[in-house]
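Trainee: Input structure: input02.pdb, which contains PDB, C-alpha atoms.
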MODEL        1
ATOM      1  CA  MET Q   1     -28.589  -7.561   4.645  1.00  0.00           C
ATOM      2  CA  ASP Q   2     -28.816 -11.328   4.944  1.00  0.00           C
ATOM      3  CA  LYS Q   3     -26.400 -13.754   6.608  1.00  0.00           C
ATOM      4  CA  LYS Q   4     -25.010 -14.878   3.259  1.00  0.00           C
ATOM      5  CA  GLU Q   5     -23.778 -11.381   2.438  1.00  0.00           C
ATOM      6  CA  VAL Q   6     -22.312 -10.907   5.929  1.00  0.00           C
ATOM      7  CA  THR Q   7     -20.440 -14.213   5.611  1.00  0.00           C
ATOM      8  CA  LYS Q   8     -19.197 -13.195   2.165  1.00  0.00           C
ATOM      9  CA  MET Q   9     -17.920  -9.887   3.556  1.00  0.00           C
ATOM     10  CA  LYS Q  10     -16.186 -11.610   6.488  1.00  0.00           C
ATOM     11  CA  ASN Q  11     -14.498 -14.017   4.084  1.00  0.00           C
ATOM     12  CA  ARG Q  12     -13.324 -11.102   1.946  1.00  0.00           C
ATOM     13  CA  VAL Q  13     -11.814  -9.428   5.033  1.00  0.00           C
ATOM     14  CA  LYS Q  14      -9.931 -12.660   5.838  1.00  0.00           C
ATOM     15  CA  THR Q  15      -8.642 -12.819   2.267  1.00  0.00           C
ATOM     16  CA  LEU Q  16      -7.453  -9.225   2.501  1.00  0.00           C
ATOM     17  CA  GLN Q  17      -5.702  -9.979   5.799  1.00  0.00           C
ATOM     18  CA  ARG Q  18      -3.814 -12.829   4.120  1.00  0.00           C
ATOM     19  CA  GLN Q  19      -2.840 -10.482   1.285  1.00  0.00           C
ATOM     20  CA  LEU Q  20      -1.463  -8.008   3.835  1.00  0.00           C
ATOM     21  CA  GLY Q  21       0.686 -10.748   5.339  1.00  0.00           C
ATOM     22  CA  SER Q  22       2.186 -11.667   1.992  1.00  0.00           C
ATOM     23  CA  LEU Q  23       2.976  -8.159   0.735  1.00  0.00           C
ATOM     24  CA  GLY Q  24       6.645  -8.028   1.614  1.00  0.00           C
ATOM     25  CA  PRO Q  25       8.704  -4.867   2.149  1.00  0.00           C
ATOM     26  CA  VAL Q  26       6.886  -1.544   1.810  1.00  0.00           C
ATOM     27  CA  MET Q  27       8.145   2.016   1.417  1.00  0.00           C
ATOM     28  CA  ARG Q  28       6.148   5.215   1.171  1.00  0.00           C
ATOM     29  CA  GLY Q  29       7.564   7.576  -1.406  1.00  0.00           C
ATOM     30  CA  SER Q  30       8.375   7.688  -5.080  1.00  0.00           C
ATOM     31  CA  ILE Q  31      11.184   7.277  -7.544  1.00  0.00           C
ATOM     32  CA  VAL Q  32      12.408  10.496  -9.110  1.00  0.00           C
ATOM     33  CA  VAL Q  33      14.956  11.127 -11.833  1.00  0.00           C
ATOM     34  CA  ILE Q  34      17.232  14.110 -11.285  1.00  0.00           C
ATOM     35  CA  GLY Q  35      19.554  15.643 -13.829  1.00  0.00           C
ATOM     36  CA  THR Q  36      19.410  16.943 -17.371  1.00  0.00           C
ATOM     37  CA  ARG Q  37      22.331  15.262 -19.128  1.00  0.00           C
ATOM     38  CA  ASN Q  38      23.349  12.660 -16.570  1.00  0.00           C
ATOM     39  CA  LYS Q  39      20.014  11.407 -15.211  1.00  0.00           C
ATOM     40  CA  GLN Q  40      20.158   9.674 -11.827  1.00  0.00           C
ATOM     41  CA  SER Q  41      17.430   7.762  -9.979  1.00  0.00           C
ATOM     42  CA  TYR Q  42      16.589   8.626  -6.379  1.00  0.00           C
ATOM     43  CA  PHE Q  43      13.960   7.529  -3.908  1.00  0.00           C
ATOM     44  CA  SER Q  44      12.122  10.546  -2.547  1.00  0.00           C
ATOM     45  CA  LEU Q  45      10.253  10.715   0.754  1.00  0.00           C
ATOM     46  CA  ASN Q  46       8.619  13.744   2.286  1.00  0.00           C
ATOM     47  CA  LYS Q  47       8.803  13.386   6.066  1.00  0.00           C
ATOM     48  CA  ASP Q  48       8.170  16.128   8.624  1.00  0.00           C
ATOM     49  CA  LYS Q  49       7.935  18.728   5.833  1.00  0.00           C
ATOM     50  CA  LYS Q  50      11.400  17.784   4.582  1.00  0.00           C
ATOM     51  CA  THR Q  51      12.249  15.858   1.446  1.00  0.00           C
ATOM     52  CA  LYS Q  52      14.684  13.014   1.948  1.00  0.00           C
ATOM     53  CA  LEU Q  53      16.461  11.463  -1.025  1.00  0.00           C
ATOM     54  CA  ILE Q  54      18.499   8.310  -1.346  1.00  0.00           C
ATOM     55  CA  TYR Q  55      20.479   7.464  -4.441  1.00  0.00           C
ATOM     56  CA  LEU Q  56      19.244   4.319  -6.178  1.00  0.00           C
ATOM     57  CA  GLY Q  57      21.210   3.888  -9.360  1.00  0.00           C
ATOM     58  CA  HIS Q  58      20.199   1.083 -11.686  1.00  0.00           C
ATOM     59  CA  LYS Q  59      20.827  -1.733  -9.209  1.00  0.00           C
ATOM     60  CA  ARG Q  60      18.338  -0.662  -6.546  1.00  0.00           C
ATOM     61  CA  GLN Q  61      15.723   0.999  -8.758  1.00  0.00           C
ATOM     62  CA  GLU Q  62      13.658  -2.175  -9.339  1.00  0.00           C
ATOM     63  CA  LYS Q  63      13.622  -3.003  -5.629  1.00  0.00           C
ATOM     64  CA  ALA Q  64      12.472   0.507  -4.787  1.00  0.00           C
ATOM     65  CA  LYS Q  65       9.698   0.270  -7.417  1.00  0.00           C
ATOM     66  CA  GLU Q  66       8.549  -3.026  -5.890  1.00  0.00           C
ATOM     67  CA  TYR Q  67       8.551  -1.619  -2.337  1.00  0.00           C
ATOM     68  CA  SER Q  68       6.652   1.467  -3.447  1.00  0.00           C
ATOM     69  CA  ALA Q  69       4.110  -0.664  -5.355  1.00  0.00           C
ATOM     70  CA  ASN Q  70       3.669  -2.816  -2.236  1.00  0.00           C
ATOM     71  CA  TYR Q  71       2.871   0.334  -0.248  1.00  0.00           C
ATOM     72  CA  LYS Q  72       0.210   1.320  -2.783  1.00  0.00           C
ATOM     73  CA  LYS Q  73      -1.296  -2.195  -2.575  1.00  0.00           C
ATOM     74  CA  LEU Q  74      -1.273  -1.911   1.223  1.00  0.00           C
ATOM     75  CA  LEU Q  75      -3.265   1.328   1.026  1.00  0.00           C
ATOM     76  CA  GLU Q  76      -5.798  -0.236  -1.368  1.00  0.00           C
ATOM     77  CA  ILE Q  77      -6.239  -3.255   0.909  1.00  0.00           C
ATOM     78  CA  VAL Q  78      -6.662  -1.071   4.009  1.00  0.00           C
ATOM     79  CA  GLU Q  79      -9.258   1.079   2.235  1.00  0.00           C
ATOM     80  CA  GLU Q  80     -11.299  -1.963   1.171  1.00  0.00           C
ATOM     81  CA  MET Q  81     -11.023  -3.512   4.636  1.00  0.00           C
ATOM     82  CA  THR Q  82     -12.188  -0.257   6.205  1.00  0.00           C
ATOM     83  CA  ILE Q  83     -15.326  -0.158   4.059  1.00  0.00           C
ATOM     84  CA  LEU Q  84     -16.102  -3.816   4.744  1.00  0.00           C
ATOM     85  CA  ASN Q  85     -15.456  -3.541   8.489  1.00  0.00           C
ATOM     86  CA  MET Q  86     -17.600  -0.422   8.755  1.00  0.00           C
ATOM     87  CA  GLU Q  87     -20.461  -2.271   7.087  1.00  0.00           C
ATOM     88  CA  LEU Q  88     -19.961  -5.296   9.340  1.00  0.00           C
ATOM     89  CA  LEU Q  89     -19.965  -3.062  12.442  1.00  0.00           C
ATOM     90  CA  LYS Q  90     -23.151  -1.403  11.223  1.00  0.00           C
ATOM     91  CA  GLN Q  91     -24.788  -4.810  10.703  1.00  0.00           C
ATOM     92  CA  ASP Q  92     -23.709  -5.934  14.167  1.00  0.00           C
ATOM     93  CA  ALA Q  93     -25.369  -2.844  15.651  1.00  0.00           C
ATOM     94  CA  CYS Q  94     -28.608  -3.744  13.853  1.00  0.00           C
ATOM     95  CA  LEU Q  95     -28.794  -7.196  15.464  1.00  0.00           C
TER      96      LEU Q  95
ENDMDL
END
When written as structure tokens, how does the structure in this file appear?

Mentor:
Amino acid sequence: MDKKEVTKMKNRVKTLQRQLGSLGPVMRGSIVVIGTRNKQSYFSLNKDKKTKLIYLGHKRQEKAKEYSANYKKLLEIVEEMTILNMELLKQDACL
């Protein structure tokens, strides 16, 4: 791997770090709808083998969707950074 590719990878890692900083609030979990006739929105989180629910209603549903989407973006960014950093560490070992 040449220096140009290493520099490109380092720049991509810096870009990803900036994206992490601008994500905003994050929440792990998902939005579920409970009920047959009177459907209600809840935020569901499985923690320590127990499911925790909080009522959202219509007001807080969009915020919860945004926070959950931010968490998914965070995971994607971390995965890409991991691959890039592993490659950069491997290249450093080759020098």

Trainee: Tell me, in Å to one decimal, how far atom CA of Met81 of chain Q is from atom CA of Lys63 of chain Q.

Mentor: 26.7 Å

Trainee: Please expand the PyMOL selection byres ((chain Q and resi 24) around 12) into the concrete residues it hits in this file, giving the result as number ranges by chain.

Mentor: Q: 18-23, 25-27, 63, 66-71, 73-74

Trainee: Save the residues we just selected, C-alpha atoms, as a PDB file, keeping the file's coordinate frame?

Mentor:
ATOM      1  CA  ARG Q  18      -3.814 -12.829   4.120  1.00  0.00           C
ATOM      2  CA  GLN Q  19      -2.840 -10.482   1.285  1.00  0.00           C
ATOM      3  CA  LEU Q  20      -1.463  -8.008   3.835  1.00  0.00           C
ATOM      4  CA  GLY Q  21       0.686 -10.748   5.339  1.00  0.00           C
ATOM      5  CA  SER Q  22       2.186 -11.667   1.992  1.00  0.00           C
ATOM      6  CA  LEU Q  23       2.976  -8.159   0.735  1.00  0.00           C
ATOM      7  CA  PRO Q  25       8.704  -4.867   2.149  1.00  0.00           C
ATOM      8  CA  VAL Q  26       6.886  -1.544   1.810  1.00  0.00           C
ATOM      9  CA  MET Q  27       8.145   2.016   1.417  1.00  0.00           C
ATOM     10  CA  LYS Q  63      13.622  -3.003  -5.629  1.00  0.00           C
ATOM     11  CA  GLU Q  66       8.549  -3.026  -5.890  1.00  0.00           C
ATOM     12  CA  TYR Q  67       8.551  -1.619  -2.337  1.00  0.00           C
ATOM     13  CA  SER Q  68       6.652   1.467  -3.447  1.00  0.00           C
ATOM     14  CA  ALA Q  69       4.110  -0.664  -5.355  1.00  0.00           C
ATOM     15  CA  ASN Q  70       3.669  -2.816  -2.236  1.00  0.00           C
ATOM     16  CA  TYR Q  71       2.871   0.334  -0.248  1.00  0.00           C
ATOM     17  CA  LYS Q  73      -1.296  -2.195  -2.575  1.00  0.00           C
ATOM     18  CA  LEU Q  74      -1.273  -1.911   1.223  1.00  0.00           C
TER      19      LEU Q  74
END

Trainee: Return as a PDB file with C-alpha atoms, keeping the file's coordinate frame the set of residues that the PyMOL selection byres ((chain Q and resi 32) around 8) yields on the displayed structure.

Mentor:
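Ended up saving to part-v9.pdb:
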ATOM      1  CA  SER Q  30       8.375   7.688  -5.080  1.00  0.00           C
ATOM      2  CA  ILE Q  31      11.184   7.277  -7.544  1.00  0.00           C
ATOM      3  CA  VAL Q  33      14.956  11.127 -11.833  1.00  0.00           C
ATOM      4  CA  ILE Q  34      17.232  14.110 -11.285  1.00  0.00           C
ATOM      5  CA  SER Q  41      17.430   7.762  -9.979  1.00  0.00           C
ATOM      6  CA  TYR Q  42      16.589   8.626  -6.379  1.00  0.00           C
ATOM      7  CA  PHE Q  43      13.960   7.529  -3.908  1.00  0.00           C
ATOM      8  CA  SER Q  44      12.122  10.546  -2.547  1.00  0.00           C
TER       9      SER Q  44
END

Trainee: So, with all atoms listed in the file as the atoms that count, which of Q:Thr36, Q:Asn46, Q:Thr51, Q:Asn85 lies closest to Gln17 of chain Q?

Mentor: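 Among the listed residues, the smallest separation from Gln17 of chain Q belongs to Q:Asn85.
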
Trainee: Using the chain letters and numbers from the file, which residues does the PyMOL selection byres ((chain Q and resi 10) around 12) grab, as a list in words?

Mentor: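 Selected by the PyMOL selection byres ((chain Q and resi 10) around 12) here: Lys3, Lys4, Glu5, Val6, Thr7, Lys8, Met9, Asn11, Arg12, Val13, Lys14, Thr15, Leu16, Gln17, Met81, Ile83, Leu84, Asn85, Met86, Glu87, Leu88, Leu89 and Gln91 of chain Q.
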
Trainee: If I take atom CA of Arg60 of chain Q and atom CA of Leu75 of chain Q, how far is one from the other in Å, to one decimal?

Mentor: 23.0 Å

Trainee: Quick one: segment 18-50 of chain Q from the block, N, CA, C and O atoms, as a short mmCIF file (atom, residue, chain, number, x, y, z; two decimals), in the first residue's frame.

Mentor:
data_model
loop_
_atom_site.label_atom_id
_atom_site.label_comp_id
_atom_site.auth_asym_id
_atom_site.auth_seq_id
_atom_site.Cartn_x
_atom_site.Cartn_y
_atom_site.Cartn_z
N ARG Q 18 -15.41 13.42 12.83
CA ARG Q 18 -16.24 14.63 12.81
C ARG Q 18 -17.72 14.27 12.77
O ARG Q 18 -18.54 14.89 13.44
N GLN Q 19 -18.04 13.23 11.97
CA GLN Q 19 -19.44 12.79 11.89
C GLN Q 19 -19.93 12.29 13.25
O GLN Q 19 -21.08 12.54 13.63
N LEU Q 20 -19.08 11.59 13.98
CA LEU Q 20 -19.44 11.13 15.32
C LEU Q 20 -19.78 12.31 16.23
O LEU Q 20 -20.74 12.26 17.00
N GLY Q 21 -18.98 13.35 16.13
CA GLY Q 21 -19.19 14.53 16.98
C GLY Q 21 -20.46 15.29 16.67
O GLY Q 21 -20.99 15.99 17.53
N SER Q 22 -20.98 15.13 15.46
CA SER Q 22 -22.17 15.88 15.08
C SER Q 22 -23.44 15.05 15.08
O SER Q 22 -24.49 15.52 14.62
N LEU Q 23 -23.38 13.84 15.59
CA LEU Q 23 -24.54 12.95 15.56
C LEU Q 23 -25.72 13.44 16.38
O LEU Q 23 -26.86 13.34 15.97
N GLY Q 24 -25.48 13.91 17.56
CA GLY Q 24 -26.58 14.30 18.44
C GLY Q 24 -26.98 13.15 19.34
O GLY Q 24 -26.26 12.16 19.46
N PRO Q 25 -28.15 13.25 19.98
CA PRO Q 25 -28.57 12.23 20.93
C PRO Q 25 -28.73 10.85 20.29
O PRO Q 25 -29.19 10.75 19.15
N VAL Q 26 -28.34 9.82 21.01
CA VAL Q 26 -28.47 8.45 20.52
C VAL Q 26 -29.19 7.60 21.56
O VAL Q 26 -29.05 7.83 22.76
N MET Q 27 -29.96 6.64 21.07
CA MET Q 27 -30.62 5.67 21.95
C MET Q 27 -30.63 4.32 21.25
O MET Q 27 -30.99 4.24 20.08
N ARG Q 28 -30.21 3.30 21.98
CA ARG Q 28 -30.29 1.94 21.47
C ARG Q 28 -31.67 1.40 21.78
O ARG Q 28 -32.16 1.55 22.90
N GLY Q 29 -32.31 0.82 20.81
CA GLY Q 29 -33.64 0.26 21.01
C GLY Q 29 -34.48 0.48 19.76
O GLY Q 29 -33.97 0.88 18.72
N SER Q 30 -35.77 0.23 19.90
CA SER Q 30 -36.64 0.39 18.74
C SER Q 30 -38.01 0.86 19.17
O SER Q 30 -38.40 0.75 20.33
N ILE Q 31 -38.73 1.36 18.19
CA ILE Q 31 -40.10 1.81 18.42
C ILE Q 31 -41.03 0.65 18.11
O ILE Q 31 -40.92 0.02 17.06
N VAL Q 32 -41.92 0.37 19.04
CA VAL Q 32 -42.90 -0.70 18.85
C VAL Q 32 -44.30 -0.12 19.03
O VAL Q 32 -44.49 0.84 19.77
N VAL Q 33 -45.24 -0.73 18.34
CA VAL Q 33 -46.64 -0.34 18.47
C VAL Q 33 -47.37 -1.48 19.16
O VAL Q 33 -47.32 -2.62 18.71
N ILE Q 34 -48.04 -1.16 20.26
CA ILE Q 34 -48.73 -2.16 21.06
C ILE Q 34 -50.23 -1.85 21.05
O ILE Q 34 -50.62 -0.69 21.18
N GLY Q 35 -51.01 -2.87 20.90
CA GLY Q 35 -52.46 -2.71 20.93
C GLY Q 35 -53.09 -3.17 19.64
O GLY Q 35 -52.47 -3.13 18.58
N THR Q 36 -54.34 -3.61 19.73
CA THR Q 36 -55.04 -4.05 18.52
C THR Q 36 -55.98 -2.96 18.01
O THR Q 36 -55.88 -2.55 16.88
N ARG Q 37 -56.85 -2.47 18.88
CA ARG Q 37 -57.76 -1.40 18.46
C ARG Q 37 -57.16 -0.02 18.72
O ARG Q 37 -57.19 0.84 17.86
N ASN Q 38 -56.63 0.17 19.91
CA ASN Q 38 -56.06 1.46 20.28
C ASN Q 38 -54.54 1.33 20.28
O ASN Q 38 -53.93 1.05 21.30
N LYS Q 39 -53.93 1.53 19.13
CA LYS Q 39 -52.48 1.32 18.99
C LYS Q 39 -51.70 2.47 19.63
O LYS Q 39 -52.00 3.63 19.42
N GLN Q 40 -50.70 2.09 20.43
CA GLN Q 40 -49.88 3.06 21.15
C GLN Q 40 -48.40 2.80 20.84
O GLN Q 40 -47.97 1.67 20.75
N SER Q 41 -47.64 3.89 20.70
CA SER Q 41 -46.21 3.78 20.41
C SER Q 41 -45.40 3.77 21.70
O SER Q 41 -45.64 4.58 22.60
N TYR Q 42 -44.43 2.86 21.74
CA TYR Q 42 -43.52 2.75 22.88
C TYR Q 42 -42.10 2.62 22.36
O TYR Q 42 -41.87 2.17 21.24
N PHE Q 43 -41.16 3.03 23.19
CA PHE Q 43 -39.75 2.77 22.89
C PHE Q 43 -39.34 1.57 23.70
O PHE Q 43 -39.55 1.53 24.92
N SER Q 44 -38.77 0.58 23.03
CA SER Q 44 -38.43 -0.69 23.66
C SER Q 44 -36.91 -0.85 23.72
O SER Q 44 -36.21 -0.64 22.73
N LEU Q 45 -36.43 -1.25 24.90
CA LEU Q 45 -35.01 -1.50 25.10
C LEU Q 45 -34.85 -2.77 25.90
O LEU Q 45 -35.48 -2.94 26.95
N ASN Q 46 -34.02 -3.67 25.40
CA ASN Q 46 -33.72 -4.89 26.13
C ASN Q 46 -32.40 -4.68 26.85
O ASN Q 46 -31.36 -4.53 26.24
N LYS Q 47 -32.46 -4.65 28.18
CA LYS Q 47 -31.28 -4.39 29.00
C LYS Q 47 -31.24 -5.42 30.12
O LYS Q 47 -32.23 -5.60 30.82
N ASP Q 48 -30.12 -6.07 30.28
CA ASP Q 48 -29.95 -7.09 31.32
C ASP Q 48 -31.05 -8.15 31.26
O ASP Q 48 -31.64 -8.51 32.27
N LYS Q 49 -31.35 -8.60 30.05
CA LYS Q 49 -32.34 -9.64 29.79
C LYS Q 49 -33.76 -9.24 30.20
O LYS Q 49 -34.62 -10.08 30.40
N LYS Q 50 -33.99 -7.94 30.32
CA LYS Q 50 -35.32 -7.44 30.63
C LYS Q 50 -35.70 -6.37 29.60
O LYS Q 50 -34.86 -5.55 29.23
#
